[in-house]
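Novice: Structure provided below as structure tokens; questions to follow.
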Amino acid sequence: MPIHNADIAAIFDDIADLLEIEGANPFRVRAYRNAARTIQALGPSVKSLLEKGEDLTRIPRIGKDLAGKIKEIVDTGQSRALAELHQRVPAALAALLKIPGLGPKRVRALHEALGVNTAAQLQRAVRDGRIRGLAGFGEKTERHILEALETHMQKKRRFGIATAQDYVEPLVAYLEKTPGVDQVTVAGSYRRCKETVGDLDILATASRNSPVMERFTAYDEVDQIVSQGETRASVILRCSLQIDLRVVEKKSLGAALQYFTGSKAHNIAVRRLGQQRGLKINEYGVFKGNKRVAGATEQSVYASVGLPWIAPELRENRGEIEAAQKGSLPSLVQLADLKGDLHAHTRASDGQDSIREMALAARERGLRYLAVTDHSRSLTIARGLDERRLSAQIEEIERLNEELDGIHLFKGIEVDILEDGTLDLPESLLGRLDVIVGAVHSKFGLERAKQTRRIVRAMNRPHFSILAHPSGRLLGEREAYDVDMAQVIREARERGCFLELNAQPQRLDLIDTYCQLAKSEGVLISIDSDAHRTAGLDNLRFGIGQARRGWLERADVLNTRSLRELRKLLKSTMQ
DNA sequence: GCCGTTTTCGGCCCGACTGTTTTCAGTCG
């Protein structure tokens, strides 16, 4: 069985869960969690590092012990430490930790006193009224557990960033209209531009007597009030999205923003730096003893620990603190840096608008060029273009280019990569185009080596320019296909072609860590909307968010190039 | 279990809210 980084991370998380239930040293538990997160976010696979003879203890948060355990997992597919834990703690207990309101202490108590191991057993125990008799458990706790179990069994979903935006923007506007409210900001993973969010954290600055809390819990989308205090309230909307509101004083806004934007790992690292300087950092400010030394702005918080301000998208403790210390933080790409879009559809295939409408919409958004890349013939469900229809489209684009000012249309195609790695249209026709965007739309289930070979072969066909949505995942719907992305990235560098970061919010593919890997290999990323209607061009902002999470700078992105430079780069792939 | 400009031992982020307590433990973020 091939061992992926995610497998190792999952084993370490399991170990952490079970240790926690056992009542182990919390710092030891944290060490496993830290390691799990580090391995999960690592670009190259641990397996490949071991094969190269690299010393794993050079990875932060991996010491001698964990390096040994990682090697054992890579070699044998399992961990003796986990197996031994299973002898003492039933494996199923870890799943109970996922139920809100149940932490390690309560799970352990339920197990020891009532023999509860699974959610189903827990449900029975609650219904029989056996919970309320336990020390530390009361009637309310019992009822909360029952409710949490019911929602847990329906499984709480995460929300895509675009969906979250649809819900939170009107709420922010509503809160801003409250008397006494000064400023309302969404923090949390939303501000870090994560592709999905579990819940939303909103910060508001308000005068002491402002009714903002009451107004928040009275919002007409609210289904349930989870908790409500003076400075913090938590509600669940009818769509099941949880939203937390915190009211902070103006002088604390920077500290609160920093604190509630996270990530947790980033904040721990920042507070540790503070600690080394004898500073206490919390959501109210930075303190030396009882004296406030910073906190009104985020800049002041970072400055207090000797760091420049760090962009929210970087705050994952994946090296941004070290980069900030060295003064080598990336200057992240911005939406305004994009000069064009190299992947868009028209009604010729499965889009809704005409070429002209798409061109004008792109121009309206300040873009200088747009590639028309409809589907190719084998994607019949999308009315993919055959040779005759593509030839006609080429002529139409040439006519439009004569006519339109301020926007240049590239002749392109989103050509299917067939199972054997050949492309879905003849080379002679592809050679008449400006840009060839290749994509996998079939045979997602090929095993890793075959899928990788298929894609690499396609990239090496003449005229291949950009690999579209490289992993094929659809958030919440379809997993990425099994492909050796590190190899694909290396091959792209050899071939001189490009990878796409597809900006559709359900794709956001390439993912952030692979963007980082592509950057380090010198492979340019094309941030494309894959728009199927004019409004779809607005998705570019989500692509920019993911690109920023992947540390990309303007120079790392293909379509920040001027029309002239881009023509030259595309030409070099068209041979 | 990791880590080191307080360095090989002794630390390890910190506060709000809830419920069951009567001064605090557990959970969460």
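Order determines the names: the first chain of the structure tokens is A, the second B, and so forth; residues in each chain are numbered 1 upward, and ligands are numbered 1 upward as they are shown.
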If you count only C-alpha atoms (C1' of nucleotides), which residues fall within 7 Å of stretch 3-15 of chain B, apart from same-chain ones fewer than 5 positions away, as a list in words?

Specialist: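 The contact residues come out as Phe27, Ile268, Arg271 and Asn282 of chain A.
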
Novice: Would you mind listing, for every residue of chain A within 9 Å of chain B, the two atoms forming the shortest contact and the distance between them in Å to one decimal, using only C-alpha atoms (C1' of nucleotides), sorted by chain and ascending residue number, as a Markdown table?

Specialist:
```
| residue | atom | partner | partner_atom | distance |
| --- | --- | --- | --- | --- |
| A:Phe27 | CA | B:DC12 | C1' | 6.5 |
| A:Arg28 | CA | B:DG1 | C1' | 4.9 |
| A:Val29 | CA | B:DG1 | C1' | 7.9 |
| A:Arg30 | CA | B:DG1 | C1' | 8.3 |
| A:Ala31 | CA | B:DG1 | C1' | 5.4 |
| A:Tyr32 | CA | B:DG1 | C1' | 7.3 |
| A:Pro60 | CA | B:DC2 | C1' | 9.0 |
| A:Arg61 | CA | B:DC2 | C1' | 6.0 |
| A:Ile62 | CA | B:DC2 | C1' | 7.3 |
| A:Gly63 | CA | B:DC2 | C1' | 6.3 |
| A:Asp65 | CA | B:DG1 | C1' | 7.5 |
| A:Leu66 | CA | B:DG1 | C1' | 7.9 |
| A:Pro100 | CA | B:DT27 | C1' | 8.5 |
| A:Gly101 | CA | B:DT27 | C1' | 6.2 |
| A:Leu102 | CA | B:DT27 | C1' | 7.2 |
| A:Gly103 | CA | B:DT27 | C1' | 6.3 |
| A:Lys105 | CA | B:DG26 | C1' | 7.4 |
| A:Arg106 | CA | B:DG26 | C1' | 8.0 |
| A:Gly136 | CA | B:DT20 | C1' | 6.4 |
| A:Phe137 | CA | B:DT20 | C1' | 7.4 |
| A:Gly138 | CA | B:DT20 | C1' | 7.0 |
| A:Lys140 | CA | B:DG19 | C1' | 7.4 |
| A:Thr141 | CA | B:DG19 | C1' | 7.2 |
| A:Ser227 | CA | B:DC17 | C1' | 7.3 |
| A:Gln228 | CA | B:DC17 | C1' | 8.1 |
| A:Gly229 | CA | B:DC17 | C1' | 7.3 |
| A:Thr231 | CA | B:DA16 | C1' | 8.4 |
| A:Arg232 | CA | B:DA16 | C1' | 7.5 |
| A:Phe260 | CA | B:DG29 | C1' | 8.4 |
| A:Lys264 | CA | B:DG29 | C1' | 8.3 |
| A:Asn267 | CA | B:DC13 | C1' | 7.9 |
| A:Ile268 | CA | B:DC13 | C1' | 5.6 |
| A:Ala269 | CA | B:DC13 | C1' | 8.7 |
| A:Arg271 | CA | B:DC13 | C1' | 6.2 |
| A:Arg272 | CA | B:DC13 | C1' | 7.3 |
| A:Gln276 | CA | B:DT6 | C1' | 8.3 |
| A:Ile281 | CA | B:DC14 | C1' | 8.3 |
| A:Asn282 | CA | B:DC14 | C1' | 6.6 |
| A:Glu283 | CA | B:DG15 | C1' | 8.3 |
```

Novice: How would the residues just chosen look if you wrote them out with C-alpha atoms as a PDB file, in the first residue's frame?

Specialist:
```pdb
ATOM      1  CA  PHE A  27       1.923  18.607  25.507  1.00  0.00           C
ATOM      2  CA  ARG A  28       2.724  15.171  24.270  1.00  0.00           C
ATOM      3  CA  VAL A  29      -0.720  15.088  22.653  1.00  0.00           C
ATOM      4  CA  ARG A  30      -0.028  18.442  21.070  1.00  0.00           C
ATOM      5  CA  ALA A  31       3.275  17.182  19.703  1.00  0.00           C
ATOM      6  CA  TYR A  32       1.407  14.494  17.745  1.00  0.00           C
ATOM      7  CA  PRO A  60      10.069  21.389  12.166  1.00  0.00           C
ATOM      8  CA  ARG A  61       8.109  19.691  14.936  1.00  0.00           C
ATOM      9  CA  ILE A  62       9.470  16.285  13.930  1.00  0.00           C
ATOM     10  CA  GLY A  63      12.018  14.978  16.428  1.00  0.00           C
ATOM     11  CA  ASP A  65      10.964   9.728  18.067  1.00  0.00           C
ATOM     12  CA  LEU A  66       8.405  10.856  15.504  1.00  0.00           C
ATOM     13  CA  PRO A 100     -19.501  18.966  19.942  1.00  0.00           C
ATOM     14  CA  GLY A 101     -19.555  19.212  23.701  1.00  0.00           C
ATOM     15  CA  LEU A 102     -17.651  16.000  24.209  1.00  0.00           C
ATOM     16  CA  GLY A 103     -13.981  16.320  24.998  1.00  0.00           C
ATOM     17  CA  LYS A 105     -12.559  13.916  29.853  1.00  0.00           C
ATOM     18  CA  ARG A 106     -16.221  13.282  29.207  1.00  0.00           C
ATOM     19  CA  GLY A 136     -20.099  16.489  36.381  1.00  0.00           C
ATOM     20  CA  PHE A 137     -23.017  15.675  34.085  1.00  0.00           C
ATOM     21  CA  GLY A 138     -26.424  17.208  34.591  1.00  0.00           C
ATOM     22  CA  LYS A 140     -28.669  20.209  30.503  1.00  0.00           C
ATOM     23  CA  THR A 141     -25.493  18.438  29.493  1.00  0.00           C
ATOM     24  CA  SER A 227     -24.523  30.884  23.399  1.00  0.00           C
ATOM     25  CA  GLN A 228     -24.784  34.546  24.215  1.00  0.00           C
ATOM     26  CA  GLY A 229     -22.633  36.596  26.541  1.00  0.00           C
ATOM     27  CA  THR A 231     -18.713  40.054  24.319  1.00  0.00           C
ATOM     28  CA  ARG A 232     -19.409  36.883  22.421  1.00  0.00           C
ATOM     29  CA  PHE A 260      -9.434  35.465  15.577  1.00  0.00           C
ATOM     30  CA  LYS A 264      -4.379  28.406  15.638  1.00  0.00           C
ATOM     31  CA  ASN A 267      -1.096  32.225  16.701  1.00  0.00           C
ATOM     32  CA  ILE A 268       0.630  29.792  19.009  1.00  0.00           C
ATOM     33  CA  ALA A 269       3.903  30.486  17.212  1.00  0.00           C
ATOM     34  CA  ARG A 271       2.515  34.090  21.156  1.00  0.00           C
ATOM     35  CA  ARG A 272       5.574  31.996  21.803  1.00  0.00           C
ATOM     36  CA  GLN A 276      10.339  34.953  24.732  1.00  0.00           C
ATOM     37  CA  ILE A 281      -0.461  38.368  23.708  1.00  0.00           C
ATOM     38  CA  ASN A 282      -4.195  37.851  23.835  1.00  0.00           C
ATOM     39  CA  GLU A 283      -7.234  39.115  21.964  1.00  0.00           C
TER      40      GLU A 283
END
```

Novice: A:Val523: which residues within 7 Å, counting only C-alpha atoms (C1' of nucleotides), same-chain residues fewer than 4 positions away excluded, as a list of chain:residue names?

Specialist: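 These residues fall inside the cut-off: A:Ala492, A:Arg493, A:Phe498, A:Ala518, A:Lys519.
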
Novice: Name the residues of stretch 386-485 of chain A that come out as helix (DSSP H, G or I) in a backbone DSSP run; write them as a PyMOL selection string.

Specialist: chain A and resi 387-403+427-430+448-459+485

Novice: Write a file of the selected residues as a tab-separated table (two decimals), in the first residue's frame, keeping N, CA and C atoms.

Specialist:
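The result, stored in result_13.tsv:
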```tsv
chain	number	residue	atom	x	y	z
A	387	GLU	N	-13.78	19.17	-35.32
A	387	GLU	CA	-12.86	19.95	-36.15
A	387	GLU	C	-13.57	21.06	-36.91
A	388	ARG	N	-14.76	20.71	-37.44
A	388	ARG	CA	-15.47	21.68	-38.26
A	388	ARG	C	-15.91	22.87	-37.42
A	389	ARG	N	-16.49	22.60	-36.27
A	389	ARG	CA	-16.99	23.70	-35.45
A	389	ARG	C	-15.85	24.53	-34.86
A	390	LEU	N	-14.74	23.87	-34.51
A	390	LEU	CA	-13.60	24.63	-34.00
A	390	LEU	C	-13.03	25.54	-35.09
A	391	SER	N	-12.95	25.02	-36.33
A	391	SER	CA	-12.45	25.85	-37.43
A	391	SER	C	-13.31	27.09	-37.59
A	392	ALA	N	-14.62	26.90	-37.50
A	392	ALA	CA	-15.53	28.03	-37.62
A	392	ALA	C	-15.30	29.02	-36.49
A	393	GLN	N	-15.08	28.48	-35.27
A	393	GLN	CA	-14.86	29.37	-34.13
A	393	GLN	C	-13.56	30.18	-34.29
A	394	ILE	N	-12.54	29.51	-34.84
A	394	ILE	CA	-11.27	30.22	-35.08
A	394	ILE	C	-11.51	31.44	-35.95
A	395	GLU	N	-12.29	31.24	-37.00
A	395	GLU	CA	-12.57	32.37	-37.91
A	395	GLU	C	-13.37	33.47	-37.22
A	396	GLU	N	-14.32	33.06	-36.39
A	396	GLU	CA	-15.13	34.05	-35.68
A	396	GLU	C	-14.26	34.88	-34.74
A	397	ILE	N	-13.33	34.21	-34.05
A	397	ILE	CA	-12.46	34.93	-33.12
A	397	ILE	C	-11.57	35.91	-33.88
A	398	GLU	N	-11.09	35.48	-35.04
A	398	GLU	CA	-10.22	36.38	-35.82
A	398	GLU	C	-10.99	37.62	-36.26
A	399	ARG	N	-12.25	37.41	-36.63
A	399	ARG	CA	-13.09	38.57	-37.00
A	399	ARG	C	-13.28	39.51	-35.80
A	400	LEU	N	-13.58	38.91	-34.64
A	400	LEU	CA	-13.83	39.73	-33.46
A	400	LEU	C	-12.58	40.50	-33.05
A	401	ASN	N	-11.43	39.89	-33.21
A	401	ASN	CA	-10.19	40.59	-32.84
A	401	ASN	C	-9.97	41.81	-33.72
A	402	GLU	N	-10.39	41.74	-34.99
A	402	GLU	CA	-10.31	42.91	-35.87
A	402	GLU	C	-11.19	44.04	-35.33
A	403	GLU	N	-12.32	43.62	-34.78
A	403	GLU	CA	-13.36	44.58	-34.47
A	403	GLU	C	-13.23	45.19	-33.06
A	427	GLU	N	-3.34	17.14	-34.33
A	427	GLU	CA	-2.29	18.14	-34.13
A	427	GLU	C	-2.36	19.28	-35.13
A	428	SER	N	-2.75	18.95	-36.36
A	428	SER	CA	-2.77	19.99	-37.39
A	428	SER	C	-3.72	21.12	-36.99
A	429	LEU	N	-4.84	20.73	-36.39
A	429	LEU	CA	-5.83	21.74	-35.98
A	429	LEU	C	-5.34	22.47	-34.71
A	430	LEU	N	-4.82	21.71	-33.76
A	430	LEU	CA	-4.32	22.33	-32.52
A	430	LEU	C	-3.25	23.37	-32.85
A	448	ARG	N	-2.66	5.19	-9.72
A	448	ARG	CA	-1.76	6.34	-9.66
A	448	ARG	C	-0.73	6.39	-10.80
A	449	ALA	N	-0.02	5.28	-11.00
A	449	ALA	CA	1.05	5.29	-12.00
A	449	ALA	C	0.47	5.54	-13.39
A	450	LYS	N	-0.65	4.92	-13.68
A	450	LYS	CA	-1.27	5.07	-15.01
A	450	LYS	C	-1.79	6.49	-15.20
A	451	GLN	N	-2.44	7.03	-14.17
A	451	GLN	CA	-2.98	8.38	-14.28
A	451	GLN	C	-1.84	9.38	-14.48
A	452	THR	N	-0.77	9.19	-13.72
A	452	THR	CA	0.38	10.09	-13.83
A	452	THR	C	0.98	10.01	-15.23
A	453	ARG	N	1.15	8.77	-15.72
A	453	ARG	CA	1.75	8.58	-17.06
A	453	ARG	C	0.86	9.22	-18.13
A	454	ARG	N	-0.44	9.04	-17.97
A	454	ARG	CA	-1.39	9.62	-18.92
A	454	ARG	C	-1.21	11.14	-19.02
A	455	ILE	N	-1.14	11.80	-17.87
A	455	ILE	CA	-1.05	13.26	-17.86
A	455	ILE	C	0.30	13.73	-18.37
A	456	VAL	N	1.36	13.03	-17.97
A	456	VAL	CA	2.69	13.43	-18.42
A	456	VAL	C	2.81	13.26	-19.94
A	457	ARG	N	2.26	12.18	-20.46
A	457	ARG	CA	2.28	11.97	-21.92
A	457	ARG	C	1.56	13.11	-22.62
A	458	ALA	N	0.42	13.49	-22.08
A	458	ALA	CA	-0.36	14.57	-22.70
A	458	ALA	C	0.43	15.87	-22.71
A	459	MET	N	1.08	16.17	-21.58
A	459	MET	CA	1.85	17.42	-21.50
A	459	MET	C	2.96	17.44	-22.54
A	485	MET	N	1.47	14.32	-8.09
A	485	MET	CA	1.50	15.72	-8.49
A	485	MET	C	2.92	16.28	-8.50
```

Novice: Run DSSP on the backbone and tell me which residues of stretch 53-247 of chain A come out as strand (DSSP E or B); list them as a PyMOL selection string.

Specialist: chain A and resi 159-160+181-186+196-197+199-206+222-228+232-237+242-247

Novice: Taking only C-alpha atoms into account, name the residue in A:Gly180, A:Pro330, A:Pro426, A:Gly285 that is nearest to A:Ala206.

Specialist: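 Comparing A:Gly180, A:Pro330, A:Pro426, A:Gly285 against A:Ala206, the winner is A:Gly180.
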
Novice: Please measure the separation of atom CA of A:Arg191 and atom CA of A:Thr261, giving the value in Å to one decimal.

Specialist: 6.5 Å

Novice: Please determine, counting only C-alpha atoms, which residue among A:Glu316, A:Glu176, A:Glu139, A:Glu249 has the shortest atom-to-atom distance to A:Gly188.

Specialist: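 Closest to A:Gly188 of all the choices is A:Glu316.
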
Novice: When you draw a straight line from atom CA of A:Ala204 to atom CA of A:Val172, how long is it in Å?

Specialist: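 Between these atoms lies a distance of 9.3 Å.
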
Novice: Write out as a ChimeraX atom specification each polymer residue whose atoms come within 6 Å of stretch 554-571 of chain A, counting only C-alpha atoms (C1' of nucleotides); drop sequence neighbours fewer than 5 positions from it.

Specialist: /A:333,337-340,524-526

Novice: Residues of the last selection are to be written out with C-alpha atoms, as an mmCIF file, in the first residue's frame.

Specialist:
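For reference, selection_0.cif as written:
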```
data_model
loop_
_atom_site.group_PDB
_atom_site.id
_atom_site.type_symbol
_atom_site.label_atom_id
_atom_site.label_comp_id
_atom_site.auth_asym_id
_atom_site.auth_seq_id
_atom_site.Cartn_x
_atom_site.Cartn_y
_atom_site.Cartn_z
ATOM 1 C CA VAL A 333 -0.154 38.390 -6.120
ATOM 2 C CA ASP A 337 -2.205 41.970 -11.185
ATOM 3 C CA LEU A 338 -4.164 39.666 -13.496
ATOM 4 C CA LYS A 339 -4.009 40.926 -17.066
ATOM 5 C CA GLY A 340 -6.191 38.241 -18.543
ATOM 6 C CA LEU A 524 4.291 29.254 -13.761
ATOM 7 C CA ILE A 525 0.662 29.021 -12.638
ATOM 8 C CA SER A 526 -2.221 30.293 -14.709
#
```

Novice: Which value, in Å to one decimal, gives the distance between atom CA of A:Ser263 and atom CA of A:Arg549?

Specialist: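 Answer for the atom CA of A:Ser263 to atom CA of A:Arg549 separation: 12.2 Å.
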
Novice: List the spatial neighbours of A:Lys251 as a PyMOL selection string - criterion: any atom at most 9 Å away, only C-alpha atoms (C1' of nucleotides), same-chain residues fewer than 2 positions off excluded.

Specialist: chain A and resi 248-249+253-255+284-285+294-297

Novice: Go ahead and dump the residues you just picked, N, CA and C atoms, as a JSON list (two decimals), in the first residue's frame.

Specialist:
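What landed in selection-v3.json:
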```json
[["chain", "number", "residue", "atom", "x", "y", "z"],
["A", 248, "VAL", "N", -15.47, 43.89, 20.31],
["A", 248, "VAL", "CA", -14.20, 44.29, 20.91],
["A", 248, "VAL", "C", -14.08, 45.80, 20.94],
["A", 249, "GLU", "N", -13.21, 46.27, 21.82],
["A", 249, "GLU", "CA", -12.97, 47.71, 21.89],
["A", 249, "GLU", "C", -12.01, 48.10, 20.78],
["A", 253, "LEU", "N", -8.75, 46.20, 18.54],
["A", 253, "LEU", "CA", -9.18, 45.61, 17.28],
["A", 253, "LEU", "C", -8.07, 44.83, 16.57],
["A", 254, "GLY", "N", -6.87, 45.42, 16.55],
["A", 254, "GLY", "CA", -5.76, 44.73, 15.86],
["A", 254, "GLY", "C", -5.45, 43.40, 16.51],
["A", 255, "ALA", "N", -5.40, 43.41, 17.84],
["A", 255, "ALA", "CA", -5.10, 42.17, 18.56],
["A", 255, "ALA", "C", -6.20, 41.14, 18.35],
["A", 284, "TYR", "N", -6.97, 40.99, 23.52],
["A", 284, "TYR", "CA", -7.16, 42.38, 23.94],
["A", 284, "TYR", "C", -5.94, 43.25, 23.66],
["A", 285, "GLY", "N", -4.84, 42.63, 23.41],
["A", 285, "GLY", "CA", -3.66, 43.43, 23.15],
["A", 285, "GLY", "C", -2.39, 42.67, 23.46],
["A", 294, "ALA", "N", 0.77, 47.19, 22.72],
["A", 294, "ALA", "CA", 0.31, 47.17, 21.32],
["A", 294, "ALA", "C", -1.07, 46.57, 21.28],
["A", 295, "GLY", "N", -1.72, 46.67, 20.10],
["A", 295, "GLY", "CA", -3.01, 46.00, 19.95],
["A", 295, "GLY", "C", -4.05, 46.72, 19.12],
["A", 296, "ALA", "N", -3.83, 48.01, 18.84],
["A", 296, "ALA", "CA", -4.85, 48.72, 18.08],
["A", 296, "ALA", "C", -4.88, 48.26, 16.63],
["A", 297, "THR", "N", -3.72, 47.92, 16.12],
["A", 297, "THR", "CA", -3.65, 47.42, 14.74],
["A", 297, "THR", "C", -2.91, 46.09, 14.70]]
```
